[in-house]
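Shown next, in structure tokens, is the structure this report addresses.
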Amino acid sequence: MGLFLVSPAKRHFVRPSIRQSVHLSVCDQLPDSRKRQHTSDDESDDDEAEDRLLMDDEGKPQQSDDIDVGFGKLLLSDEENEDKEDESQGIRSDVENERNERGLELRNYQLELAALAVTGKNTIIHAATGAGKTRVAFYIIKRHLDNNPSGKVAVLADKNFLVRQHYLALKAFLPDLEEKSVYISGDKGNSASLQHFLEDKSIFILTPALIENTIKSLDDPSFICKFTLMFFDECHHTHKKTTYKRLMNEYLKLKEQGRKLPQIVGLTATLGTNRANSLEKAKDHVLTIMSNLDCAKLSTVKENIEEYDRYRSDYSETKETLPEPDEKDPFYQCIDAAMTKTERFMRTVLNDLDVSDPDEKTLKDSLQSPPSVRRYKAEYETWISVVSSSATSLLEKRRNVAHIAKIGTTYLKIYREVLYIKCYLNNEYAMSVLEKRLKKDRLGQYSVSNESTEAEFAEFARDLITSMKSEAKNIKTPGRRSPIDFLLDQLEKQNEELRFILFVKTREFAEMLNDFLTRKGYKCSAFTGASAASDEGGRSRTKTGIRIVLANCKDSQRDVVNIQRGRLMDEAVKDVLAMEDAILMSIIERKQRQICESERRSQGTVSKVHKLDNCRFKMTCKSCGKFDVDCSKIRSIDGAHHILVEKDIWKYMTAQPFPKNPPRFHEDIILQGKLFGNGKNGCTHQWGTVFSYKGVRLPAISHKLLAVKDTDTKRTWKIGKWEEAPFSILPISEDDLNLMATAEEK
């Protein structure tokens, strides 16, 4: 029996080698497959490069290429299921031989899916998981290049690991074109060199951010026009503020100018509903995705339904409702008591807050109104974030008050995670997480601060550790059954030859569950990669998968809602397919005019904001507000990495090395460690990372760890991405590098 543990926030997918798989979901907030198949509310991270700089909680590098290749061989994204005869044999080699013999020979329903695209029309190919959309895509690419030998094809995937998988698929389906192809992703050294490959290559497999960054670096939106065909894998992400959407906004502006543009083909198993609660809203969402992608046609299977149903994925499902964790458990009570003391100390600032000031009133209101739910719940985590954000806005005006609230929320986030691990795994791992997180964040017994307020919070943490160790010695009999016990029951019920994929909420939980099950004798692997949130959501790629859901009552009800949304999406697609062409085109053109007008307004607003003097602003630690840097000292590398150019910076900053050597993802950048305040400025928190660029050691800062401070208005706030900064940021120059090289020598 094999087990694959996957964190849904950062997920890799592996197809088991046998023809049947079991998916188990276990968490307090259900990572439901239907939710992810039929809703499309995810927003991509606008600062992917910066996230790679920050690395993960342990500073671990991404999976090595060797590991990635191995998984790629198991999964050619959306490769269709073979027939039932192959399935019953369960012999993988036969399946692989059949795949290689078929090559790009399409079944009738696949030819139907490809029909519009091979004529050169923009379309969205909408077909179920396992229907073979990847094979269809490479068939279209071959036809396109046969008809247009000088054509340039971009295959876009919004995750780095999917880029790798598509390249492996290309090698399988179009081996003759491998020499004319290149895959480029953020974790490869050639990420900044897309334009240099255009002359010699025909097929480009890459993330959309690389095209967006190239447009920015060249200051040339028409760079899109160099391609003749663009595929958008998982194209339902082309909405809101995702990279797909921003790229297509540039496309639509060029269309408005009458430019010659590449053909667009989208691939998806679901168009989502955007949390629609009515058929009209679901239909409007489908039309919005079509408008965003400039696709007036959906390609679906209509004529070859019987054949299509034979090959697409299906699965059976069982559910089991989990009991709520035992609040009378001694460990639970220890952690809950520490959270109560922390909250109480945070509320000591209430009398010092002036409700006539809007920012102070916001903080006071949020401190006074924690949610009446158990503290491991998502609602409590949301409340912590609200308090933290409210405190950030006061770091300049009321630093002492804001500092107490900020430090308190930092501890509460840790305690909540510890409580979650305790409730859904066991006490041993909860204690391990507590020690690990306190050490990582330099809190509790690891604190290097001499401030009395921080000492008070640190004392609460030390008391908690003492209490938990004491309770561990006193426990003689097991308490109420935990979710992990129910999980073990389900594993024991299944056939030993089956393989399982377990979906859990967080990277930390995936790694600890992996360790726990390994100790129990299961062969496990935890996959938490560096990729962003995946929409695959537990869909079985085998013909007869089994899905077992372990969830509490509330999340089971949420699952029912998601099923209804899935049905809404199916009905919405049928309605759109039935619309007259003239009416459909009129709606799409109207929506596209609105997009272009909104872009013009947005660009005007951004331009006005960026005219402000950068000397007026400072960046400050959002956790303590004790150390400021002038924003005039910030420089950028390729618009993606932001550097402090200050000759005295190393007097106040220090680097902590990563546990392992991180990957090089830029041809001139080598990561060296995490950037922290060294305490001389009063700040000991993380600011970003340290890397070597062209041989010079540089401090790279992250907007996610800092806040913007306006010295004129005394206002402090967080920005969601560097583009929102109200000041201009200059590109790094040779003079800047020479200055920092001198600073390093000192």
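Following the order of the structure tokens, first chain is A, next is B, and so on, with residues numbered from 1 inside each chain and ligands from 1 in the order they appear.
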
Using only C-alpha atoms, which residues sit within 6 Å of stretch 293-298 of chain A once same-chain residues fewer than 6 positions away are excluded, as an mmCIF file with N, CA, C and O atoms, in the first residue's frame?
data_model
loop_
_atom_site.group_PDB
_atom_site.id
_atom_site.type_symbol
_atom_site.label_atom_id
_atom_site.label_comp_id
_atom_site.auth_asym_id
_atom_site.auth_seq_id
_atom_site.Cartn_x
_atom_site.Cartn_y
_atom_site.Cartn_z
ATOM 1 N N ASN A 122 -10.239 30.976 -32.226
ATOM 2 C CA ASN A 122 -10.078 30.986 -30.773
ATOM 3 C C ASN A 122 -11.170 30.142 -30.142
ATOM 4 O O ASN A 122 -12.349 30.260 -30.505
ATOM 5 N N THR A 123 -10.803 29.323 -29.173
ATOM 6 C CA THR A 123 -11.808 28.477 -28.527
ATOM 7 C C THR A 123 -11.311 28.010 -27.166
ATOM 8 O O THR A 123 -10.111 28.019 -26.890
ATOM 9 N N ILE A 124 -12.253 27.601 -26.321
ATOM 10 C CA ILE A 124 -11.941 26.960 -25.041
ATOM 11 C C ILE A 124 -12.354 25.500 -25.149
ATOM 12 O O ILE A 124 -13.530 25.199 -25.397
#

Task: Residue contacts of stretch 727-732 of chain A (8 Å, only C-alpha atoms) excluding same-chain residues fewer than 3 positions away, as a PyMOL selection string - done: chain A and resi 609-614+617+631-632+634-639+736-737

Where in stretch 170-314 of chain A does DSSP assign strand (DSSP E or B), given as a PDB file with all heavy atoms, in the first residue's frame?
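Just written: states_10.pdb:
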ATOM      1  N   SER A 181      11.946  22.990 -29.393  1.00  0.00           N
ATOM      2  CA  SER A 181      11.119  23.354 -28.244  1.00  0.00           C
ATOM      3  C   SER A 181      11.990  23.739 -27.057  1.00  0.00           C
ATOM      4  O   SER A 181      13.146  23.324 -26.957  1.00  0.00           O
ATOM      5  CB  SER A 181      10.207  22.181 -27.848  1.00  0.00           C
ATOM      6  OG  SER A 181       9.455  21.736 -28.957  1.00  0.00           O
ATOM      7  N   VAL A 182      11.408  24.518 -26.148  1.00  0.00           N
ATOM      8  CA  VAL A 182      12.098  24.887 -24.921  1.00  0.00           C
ATOM      9  C   VAL A 182      11.066  25.061 -23.821  1.00  0.00           C
ATOM     10  O   VAL A 182       9.949  25.537 -24.080  1.00  0.00           O
ATOM     11  CB  VAL A 182      12.922  26.189 -25.096  1.00  0.00           C
ATOM     12  CG1 VAL A 182      12.034  27.371 -25.437  1.00  0.00           C
ATOM     13  CG2 VAL A 182      13.743  26.496 -23.847  1.00  0.00           C
ATOM     14  N   TYR A 183      11.396  24.598 -22.635  1.00  0.00           N
ATOM     15  CA  TYR A 183      10.510  24.908 -21.512  1.00  0.00           C
ATOM     16  C   TYR A 183      11.251  25.821 -20.561  1.00  0.00           C
ATOM     17  O   TYR A 183      12.434  25.640 -20.282  1.00  0.00           O
ATOM     18  CB  TYR A 183       9.990  23.634 -20.830  1.00  0.00           C
ATOM     19  CG  TYR A 183      10.845  23.040 -19.744  1.00  0.00           C
ATOM     20  CD1 TYR A 183      10.622  23.366 -18.403  1.00  0.00           C
ATOM     21  CD2 TYR A 183      11.841  22.123 -20.044  1.00  0.00           C
ATOM     22  CE1 TYR A 183      11.393  22.799 -17.396  1.00  0.00           C
ATOM     23  CE2 TYR A 183      12.615  21.546 -19.053  1.00  0.00           C
ATOM     24  CZ  TYR A 183      12.391  21.890 -17.729  1.00  0.00           C
ATOM     25  OH  TYR A 183      13.146  21.336 -16.732  1.00  0.00           O
ATOM     26  N   ILE A 184      10.556  26.850 -20.109  1.00  0.00           N
ATOM     27  CA  ILE A 184      11.149  27.875 -19.248  1.00  0.00           C
ATOM     28  C   ILE A 184      10.227  28.085 -18.068  1.00  0.00           C
ATOM     29  O   ILE A 184       9.039  28.351 -18.242  1.00  0.00           O
ATOM     30  CB  ILE A 184      11.308  29.220 -19.997  1.00  0.00           C
ATOM     31  CG1 ILE A 184      11.929  29.009 -21.377  1.00  0.00           C
ATOM     32  CG2 ILE A 184      12.138  30.187 -19.187  1.00  0.00           C
ATOM     33  CD1 ILE A 184      11.962  30.252 -22.229  1.00  0.00           C
ATOM     34  N   ILE A 203       8.311  26.043 -30.253  1.00  0.00           N
ATOM     35  CA  ILE A 203       7.357  25.752 -29.184  1.00  0.00           C
ATOM     36  C   ILE A 203       7.962  26.188 -27.859  1.00  0.00           C
ATOM     37  O   ILE A 203       9.087  25.800 -27.519  1.00  0.00           O
ATOM     38  CB  ILE A 203       6.993  24.251 -29.137  1.00  0.00           C
ATOM     39  CG1 ILE A 203       6.419  23.790 -30.483  1.00  0.00           C
ATOM     40  CG2 ILE A 203       5.985  23.983 -28.027  1.00  0.00           C
ATOM     41  CD1 ILE A 203       6.158  22.299 -30.562  1.00  0.00           C
ATOM     42  N   PHE A 204       7.219  26.968 -27.103  1.00  0.00           N
ATOM     43  CA  PHE A 204       7.678  27.519 -25.827  1.00  0.00           C
ATOM     44  C   PHE A 204       6.704  27.084 -24.741  1.00  0.00           C
ATOM     45  O   PHE A 204       5.518  27.421 -24.797  1.00  0.00           O
ATOM     46  CB  PHE A 204       7.743  29.047 -25.894  1.00  0.00           C
ATOM     47  CG  PHE A 204       8.591  29.566 -27.018  1.00  0.00           C
ATOM     48  CD1 PHE A 204       8.076  29.644 -28.312  1.00  0.00           C
ATOM     49  CD2 PHE A 204       9.899  29.941 -26.791  1.00  0.00           C
ATOM     50  CE1 PHE A 204       8.861  30.094 -29.360  1.00  0.00           C
ATOM     51  CE2 PHE A 204      10.688  30.398 -27.835  1.00  0.00           C
ATOM     52  CZ  PHE A 204      10.174  30.474 -29.120  1.00  0.00           C
ATOM     53  N   ILE A 205       7.181  26.320 -23.776  1.00  0.00           N
ATOM     54  CA  ILE A 205       6.339  25.875 -22.665  1.00  0.00           C
ATOM     55  C   ILE A 205       6.800  26.638 -21.434  1.00  0.00           C
ATOM     56  O   ILE A 205       7.948  26.517 -21.012  1.00  0.00           O
ATOM     57  CB  ILE A 205       6.461  24.350 -22.458  1.00  0.00           C
ATOM     58  CG1 ILE A 205       6.144  23.620 -23.772  1.00  0.00           C
ATOM     59  CG2 ILE A 205       5.528  23.885 -21.351  1.00  0.00           C
ATOM     60  CD1 ILE A 205       6.303  22.115 -23.703  1.00  0.00           C
ATOM     61  N   LEU A 206       5.930  27.437 -20.862  1.00  0.00           N
ATOM     62  CA  LEU A 206       6.364  28.395 -19.849  1.00  0.00           C
ATOM     63  C   LEU A 206       5.205  28.873 -18.998  1.00  0.00           C
ATOM     64  O   LEU A 206       4.040  28.580 -19.284  1.00  0.00           O
ATOM     65  CB  LEU A 206       7.047  29.579 -20.521  1.00  0.00           C
ATOM     66  CG  LEU A 206       6.216  30.527 -21.394  1.00  0.00           C
ATOM     67  CD1 LEU A 206       7.025  31.775 -21.719  1.00  0.00           C
ATOM     68  CD2 LEU A 206       5.768  29.891 -22.701  1.00  0.00           C
ATOM     69  N   LEU A 229       0.258  31.171 -31.862  1.00  0.00           N
ATOM     70  CA  LEU A 229      -0.728  30.348 -31.158  1.00  0.00           C
ATOM     71  C   LEU A 229      -0.356  30.307 -29.683  1.00  0.00           C
ATOM     72  O   LEU A 229       0.813  30.077 -29.346  1.00  0.00           O
ATOM     73  CB  LEU A 229      -0.756  28.923 -31.733  1.00  0.00           C
ATOM     74  CG  LEU A 229      -1.579  27.863 -30.989  1.00  0.00           C
ATOM     75  CD1 LEU A 229      -3.057  28.233 -30.943  1.00  0.00           C
ATOM     76  CD2 LEU A 229      -1.396  26.483 -31.641  1.00  0.00           C
ATOM     77  N   MET A 230      -1.343  30.531 -28.804  1.00  0.00           N
ATOM     78  CA  MET A 230      -1.097  30.483 -27.365  1.00  0.00           C
ATOM     79  C   MET A 230      -2.120  29.567 -26.702  1.00  0.00           C
ATOM     80  O   MET A 230      -3.337  29.759 -26.880  1.00  0.00           O
ATOM     81  CB  MET A 230      -1.178  31.884 -26.748  1.00  0.00           C
ATOM     82  CG  MET A 230      -0.114  32.840 -27.265  1.00  0.00           C
ATOM     83  SD  MET A 230      -0.255  34.509 -26.570  1.00  0.00           S
ATOM     84  CE  MET A 230       0.362  34.225 -24.903  1.00  0.00           C
ATOM     85  N   PHE A 231      -1.621  28.573 -25.976  1.00  0.00           N
ATOM     86  CA  PHE A 231      -2.482  27.685 -25.190  1.00  0.00           C
ATOM     87  C   PHE A 231      -2.477  28.134 -23.735  1.00  0.00           C
ATOM     88  O   PHE A 231      -1.418  28.423 -23.173  1.00  0.00           O
ATOM     89  CB  PHE A 231      -1.971  26.242 -25.256  1.00  0.00           C
ATOM     90  CG  PHE A 231      -2.453  25.475 -26.443  1.00  0.00           C
ATOM     91  CD1 PHE A 231      -1.743  25.513 -27.634  1.00  0.00           C
ATOM     92  CD2 PHE A 231      -3.618  24.730 -26.386  1.00  0.00           C
ATOM     93  CE1 PHE A 231      -2.175  24.814 -28.738  1.00  0.00           C
ATOM     94  CE2 PHE A 231      -4.066  24.024 -27.482  1.00  0.00           C
ATOM     95  CZ  PHE A 231      -3.342  24.067 -28.675  1.00  0.00           C
ATOM     96  N   PHE A 232      -3.642  28.163 -23.127  1.00  0.00           N
ATOM     97  CA  PHE A 232      -3.771  28.483 -21.704  1.00  0.00           C
ATOM     98  C   PHE A 232      -4.284  27.235 -20.986  1.00  0.00           C
ATOM     99  O   PHE A 232      -5.470  26.915 -21.050  1.00  0.00           O
ATOM    100  CB  PHE A 232      -4.758  29.643 -21.492  1.00  0.00           C
ATOM    101  CG  PHE A 232      -4.216  30.988 -21.867  1.00  0.00           C
ATOM    102  CD1 PHE A 232      -4.018  31.325 -23.199  1.00  0.00           C
ATOM    103  CD2 PHE A 232      -3.909  31.930 -20.892  1.00  0.00           C
ATOM    104  CE1 PHE A 232      -3.515  32.564 -23.556  1.00  0.00           C
ATOM    105  CE2 PHE A 232      -3.409  33.174 -21.235  1.00  0.00           C
ATOM    106  CZ  PHE A 232      -3.208  33.490 -22.576  1.00  0.00           C
ATOM    107  N   ASP A 233      -3.373  26.508 -20.328  1.00  0.00           N
ATOM    108  CA  ASP A 233      -3.797  25.330 -19.564  1.00  0.00           C
ATOM    109  C   ASP A 233      -4.489  25.786 -18.276  1.00  0.00           C
ATOM    110  O   ASP A 233      -4.077  26.759 -17.652  1.00  0.00           O
ATOM    111  CB  ASP A 233      -2.574  24.474 -19.231  1.00  0.00           C
ATOM    112  CG  ASP A 233      -2.957  23.150 -18.606  1.00  0.00           C
ATOM    113  OD1 ASP A 233      -4.035  22.616 -18.933  1.00  0.00           O
ATOM    114  OD2 ASP A 233      -2.177  22.638 -17.775  1.00  0.00           O
ATOM    115  N   GLN A 263      -3.574  33.156 -32.184  1.00  0.00           N
ATOM    116  CA  GLN A 263      -4.768  32.371 -31.878  1.00  0.00           C
ATOM    117  C   GLN A 263      -4.717  31.964 -30.412  1.00  0.00           C
ATOM    118  O   GLN A 263      -3.650  31.644 -29.875  1.00  0.00           O
ATOM    119  CB  GLN A 263      -4.824  31.128 -32.762  1.00  0.00           C
ATOM    120  CG  GLN A 263      -6.005  30.201 -32.483  1.00  0.00           C
ATOM    121  CD  GLN A 263      -5.917  28.896 -33.254  1.00  0.00           C
ATOM    122  OE1 GLN A 263      -4.982  28.692 -34.053  1.00  0.00           O
ATOM    123  NE2 GLN A 263      -6.866  28.004 -33.032  1.00  0.00           N
ATOM    124  N   ILE A 264      -5.861  31.975 -29.746  1.00  0.00           N
ATOM    125  CA  ILE A 264      -5.954  31.594 -28.333  1.00  0.00           C
ATOM    126  C   ILE A 264      -6.752  30.302 -28.202  1.00  0.00           C
ATOM    127  O   ILE A 264      -7.873  30.190 -28.729  1.00  0.00           O
ATOM    128  CB  ILE A 264      -6.633  32.691 -27.499  1.00  0.00           C
ATOM    129  CG1 ILE A 264      -5.857  34.003 -27.581  1.00  0.00           C
ATOM    130  CG2 ILE A 264      -6.791  32.248 -26.040  1.00  0.00           C
ATOM    131  CD1 ILE A 264      -4.475  33.967 -26.967  1.00  0.00           C
ATOM    132  N   VAL A 265      -6.195  29.328 -27.484  1.00  0.00           N
ATOM    133  CA  VAL A 265      -6.910  28.089 -27.171  1.00  0.00           C
ATOM    134  C   VAL A 265      -6.788  27.841 -25.669  1.00  0.00           C
ATOM    135  O   VAL A 265      -5.675  27.790 -25.131  1.00  0.00           O
ATOM    136  CB  VAL A 265      -6.345  26.886 -27.943  1.00  0.00           C
ATOM    137  CG1 VAL A 265      -7.083  25.606 -27.545  1.00  0.00           C
ATOM    138  CG2 VAL A 265      -6.454  27.114 -29.448  1.00  0.00           C
ATOM    139  N   GLY A 266      -7.924  27.724 -25.003  1.00  0.00           N
ATOM    140  CA  GLY A 266      -7.934  27.421 -23.579  1.00  0.00           C
ATOM    141  C   GLY A 266      -8.231  25.957 -23.327  1.00  0.00           C
ATOM    142  O   GLY A 266      -8.941  25.317 -24.111  1.00  0.00           O
ATOM    143  N   LEU A 267      -7.683  25.414 -22.255  1.00  0.00           N
ATOM    144  CA  LEU A 267      -7.934  24.026 -21.855  1.00  0.00           C
ATOM    145  C   LEU A 267      -8.422  24.013 -20.417  1.00  0.00           C
ATOM    146  O   LEU A 267      -7.804  24.627 -19.549  1.00  0.00           O
ATOM    147  CB  LEU A 267      -6.651  23.193 -21.943  1.00  0.00           C
ATOM    148  CG  LEU A 267      -5.927  23.117 -23.289  1.00  0.00           C
ATOM    149  CD1 LEU A 267      -4.579  22.423 -23.116  1.00  0.00           C
ATOM    150  CD2 LEU A 267      -6.770  22.369 -24.305  1.00  0.00           C
ATOM    151  N   THR A 268      -9.528  23.335 -20.158  1.00  0.00           N
ATOM    152  CA  THR A 268     -10.016  23.242 -18.783  1.00  0.00           C
ATOM    153  C   THR A 268     -10.999  22.092 -18.624  1.00  0.00           C
ATOM    154  O   THR A 268     -11.687  21.709 -19.581  1.00  0.00           O
ATOM    155  CB  THR A 268     -10.690  24.562 -18.348  1.00  0.00           C
ATOM    156  OG1 THR A 268     -11.030  24.481 -16.960  1.00  0.00           O
ATOM    157  CG2 THR A 268     -11.950  24.842 -19.149  1.00  0.00           C
ATOM    158  N   LEU A 298     -17.072  27.605 -27.439  1.00  0.00           N
ATOM    159  CA  LEU A 298     -16.654  26.527 -26.546  1.00  0.00           C
ATOM    160  C   LEU A 298     -16.581  25.245 -27.355  1.00  0.00           C
ATOM    161  O   LEU A 298     -17.495  24.940 -28.131  1.00  0.00           O
ATOM    162  CB  LEU A 298     -17.647  26.345 -25.398  1.00  0.00           C
ATOM    163  CG  LEU A 298     -17.798  27.474 -24.382  1.00  0.00           C
ATOM    164  CD1 LEU A 298     -18.883  27.124 -23.374  1.00  0.00           C
ATOM    165  CD2 LEU A 298     -16.481  27.742 -23.673  1.00  0.00           C
ATOM    166  N   SER A 299     -15.507  24.490 -27.182  1.00  0.00           N
ATOM    167  CA  SER A 299     -15.369  23.187 -27.843  1.00  0.00           C
ATOM    168  C   SER A 299     -15.680  22.097 -26.829  1.00  0.00           C
ATOM    169  O   SER A 299     -14.914  21.877 -25.885  1.00  0.00           O
ATOM    170  CB  SER A 299     -13.948  23.013 -28.397  1.00  0.00           C
ATOM    171  OG  SER A 299     -13.684  23.950 -29.412  1.00  0.00           O
TER     172      SER A 299
END

- [ ] Give the answer as one residue: which of A:Tyr446, A:Ala209, A:Thr340, A:Gly120 has the shortest atom-to-atom distance to A:Leu145, using only C-alpha atoms?
- [x] A:Gly120

Task: Distance in Å - atom CA of A:Gln603 versus atom CA of A:Asn249 - done: 11.8 Å

Task: Spatial neighbours of stretch 463-467 of chain A, max dist 9 Å, only C-alpha atoms, sep filter under 5 positions, as a VMD selection string - done: chain A and resid 331 334 to 335 337 to 338 431 434 to 435 458 472

Go ahead and write the residues just picked, N, CA and C atoms, as a PDB file, in the first residue's frame.
ATOM      1  N   PHE A 331      -4.203  18.721  27.006  1.00  0.00           N
ATOM      2  CA  PHE A 331      -3.348  19.431  26.059  1.00  0.00           C
ATOM      3  C   PHE A 331      -4.114  20.573  25.400  1.00  0.00           C
ATOM      4  N   CYS A 334      -4.368  23.421  27.787  1.00  0.00           N
ATOM      5  CA  CYS A 334      -3.110  24.161  27.963  1.00  0.00           C
ATOM      6  C   CYS A 334      -2.928  25.196  26.856  1.00  0.00           C
ATOM      7  N   ILE A 335      -3.122  24.762  25.616  1.00  0.00           N
ATOM      8  CA  ILE A 335      -2.925  25.663  24.474  1.00  0.00           C
ATOM      9  C   ILE A 335      -3.985  26.760  24.489  1.00  0.00           C
ATOM     10  N   ALA A 337      -5.568  27.961  27.018  1.00  0.00           N
ATOM     11  CA  ALA A 337      -5.299  28.895  28.120  1.00  0.00           C
ATOM     12  C   ALA A 337      -4.206  29.894  27.735  1.00  0.00           C
ATOM     13  N   ALA A 338      -3.174  29.432  27.026  1.00  0.00           N
ATOM     14  CA  ALA A 338      -2.112  30.335  26.573  1.00  0.00           C
ATOM     15  C   ALA A 338      -2.666  31.375  25.610  1.00  0.00           C
ATOM     16  N   MET A 431       3.624  19.542  20.152  1.00  0.00           N
ATOM     17  CA  MET A 431       4.776  20.070  20.892  1.00  0.00           C
ATOM     18  C   MET A 431       5.946  20.347  19.956  1.00  0.00           C
ATOM     19  N   LEU A 434       5.330  23.590  18.076  1.00  0.00           N
ATOM     20  CA  LEU A 434       5.498  24.759  18.939  1.00  0.00           C
ATOM     21  C   LEU A 434       6.976  25.120  19.077  1.00  0.00           C
ATOM     22  N   GLU A 435       7.792  24.140  19.385  1.00  0.00           N
ATOM     23  CA  GLU A 435       9.234  24.386  19.533  1.00  0.00           C
ATOM     24  C   GLU A 435       9.826  24.896  18.216  1.00  0.00           C
ATOM     25  N   ALA A 458       6.672  36.164  25.763  1.00  0.00           N
ATOM     26  CA  ALA A 458       7.623  35.057  25.787  1.00  0.00           C
ATOM     27  C   ALA A 458       7.415  34.183  27.020  1.00  0.00           C
ATOM     28  N   ALA A 472       2.173  15.664  29.279  1.00  0.00           N
ATOM     29  CA  ALA A 472       2.620  14.487  28.528  1.00  0.00           C
ATOM     30  C   ALA A 472       3.038  13.364  29.466  1.00  0.00           C
TER      31      ALA A 472
END

Cut-off 12 Å: closest stretch 250-367 of chain A/stretch 707-722 of chain A atom pairs per residue, using only C-alpha atoms, as a tab-separated table:
residue	atom	partner	partner_atom	distance
A:Asp357	CA	A:Arg715	CA	11.8
A:Pro358	CA	A:Arg715	CA	11.4
A:Asp359	CA	A:Arg715	CA	9.2
A:Glu360	CA	A:Arg715	CA	11.7

Task: DSSP helix (DSSP H, G or I) selection over stretch 317-522 of chain A, as an MDAnalysis selection string - done: chainID A and resid 330:352 358:368 378:392 399:424 427:440 444:446 452:474 483:493 507:519

Open item on the list: For stretch 586-597 of chain A, find every residue with an atom within 8 Å (counting only C-alpha atoms), except residues of its own chain fewer than 6 positions away, and show them as a list in words.
Closed with: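 Counting only the stated atoms, we get Asn249, Leu252, Lys253, Leu287, Thr288, Met290, Ser291, Asn292, Asp294 and Ala296 of chain A.
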
Selected residues written out, N, CA and C atoms, as a PDB file, in the first residue's frame:
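Generated output (result-v3.pdb):
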ATOM      1  N   ASN A 249      -5.378  40.933 -20.638  1.00  0.00           N
ATOM      2  CA  ASN A 249      -5.727  42.354 -20.694  1.00  0.00           C
ATOM      3  C   ASN A 249      -4.851  43.078 -21.716  1.00  0.00           C
ATOM      4  N   LEU A 252      -6.089  42.137 -25.167  1.00  0.00           N
ATOM      5  CA  LEU A 252      -7.317  42.829 -25.573  1.00  0.00           C
ATOM      6  C   LEU A 252      -7.052  44.287 -25.926  1.00  0.00           C
ATOM      7  N   LYS A 253      -6.086  44.907 -25.261  1.00  0.00           N
ATOM      8  CA  LYS A 253      -5.735  46.288 -25.621  1.00  0.00           C
ATOM      9  C   LYS A 253      -5.102  46.331 -27.008  1.00  0.00           C
ATOM     10  N   LEU A 287     -19.382  33.423 -19.463  1.00  0.00           N
ATOM     11  CA  LEU A 287     -19.214  34.421 -20.522  1.00  0.00           C
ATOM     12  C   LEU A 287     -18.041  35.358 -20.231  1.00  0.00           C
ATOM     13  N   THR A 288     -17.818  35.634 -18.953  1.00  0.00           N
ATOM     14  CA  THR A 288     -16.684  36.480 -18.572  1.00  0.00           C
ATOM     15  C   THR A 288     -15.361  35.796 -18.891  1.00  0.00           C
ATOM     16  N   MET A 290     -14.876  33.525 -21.167  1.00  0.00           N
ATOM     17  CA  MET A 290     -14.770  33.515 -22.625  1.00  0.00           C
ATOM     18  C   MET A 290     -14.325  34.880 -23.144  1.00  0.00           C
ATOM     19  N   SER A 291     -14.873  35.948 -22.567  1.00  0.00           N
ATOM     20  CA  SER A 291     -14.497  37.303 -22.988  1.00  0.00           C
ATOM     21  C   SER A 291     -13.042  37.586 -22.659  1.00  0.00           C
ATOM     22  N   ASN A 292     -12.625  37.192 -21.461  1.00  0.00           N
ATOM     23  CA  ASN A 292     -11.242  37.422 -21.048  1.00  0.00           C
ATOM     24  C   ASN A 292     -10.254  36.733 -21.981  1.00  0.00           C
ATOM     25  N   ASP A 294     -10.918  35.996 -25.134  1.00  0.00           N
ATOM     26  CA  ASP A 294     -11.264  36.341 -26.519  1.00  0.00           C
ATOM     27  C   ASP A 294     -11.724  35.113 -27.299  1.00  0.00           C
ATOM     28  N   ALA A 296     -15.054  33.158 -28.541  1.00  0.00           N
ATOM     29  CA  ALA A 296     -16.503  33.215 -28.719  1.00  0.00           C
ATOM     30  C   ALA A 296     -17.111  31.831 -28.876  1.00  0.00           C
TER      31      ALA A 296
END

Give me the stretch 273-369 of chain A side of the contact with stretch 384-397 of chain A, cut-off 9 Å, one line per residue showing its nearest atom pair and distance in Å at one decimal, counting only C-alpha atoms, sorted by chain and residue number, as JSON lines.
{"residue": "A:Asp359", "atom": "CA", "partner": "A:Ser393", "partner_atom": "CA", "distance": 6.7}
{"residue": "A:Glu360", "atom": "CA", "partner": "A:Leu394", "partner_atom": "CA", "distance": 7.2}
{"residue": "A:Thr362", "atom": "CA", "partner": "A:Ser390", "partner_atom": "CA", "distance": 6.4}
{"residue": "A:Leu363", "atom": "CA", "partner": "A:Ser390", "partner_atom": "CA", "distance": 5.1}
{"residue": "A:Lys364", "atom": "CA", "partner": "A:Ser390", "partner_atom": "CA", "distance": 8.9}
{"residue": "A:Ser366", "atom": "CA", "partner": "A:Val387", "partner_atom": "CA", "distance": 5.8}
{"residue": "A:Leu367", "atom": "CA", "partner": "A:Val387", "partner_atom": "CA", "distance": 6.5}

Open item on the list: Quick one: residues within 6 Å of stretch 670-682 of chain A, only C-alpha atoms, excluding same-chain residues fewer than 2 positions away - as JSON, numbers by chain?
Closed with: {"A": [626, 627, 652, 653, 654, 655, 656, 657, 658, 664, 684, 685, 686, 687, 688, 689, 690, 691, 692]}

Task: Pick from A:Val155, A:Ile289, A:Gln445, A:Leu513 nearest to A:Arg462, counting only C-alpha atoms - done: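 Closest to A:Arg462 of all the choices is A:Gln445.
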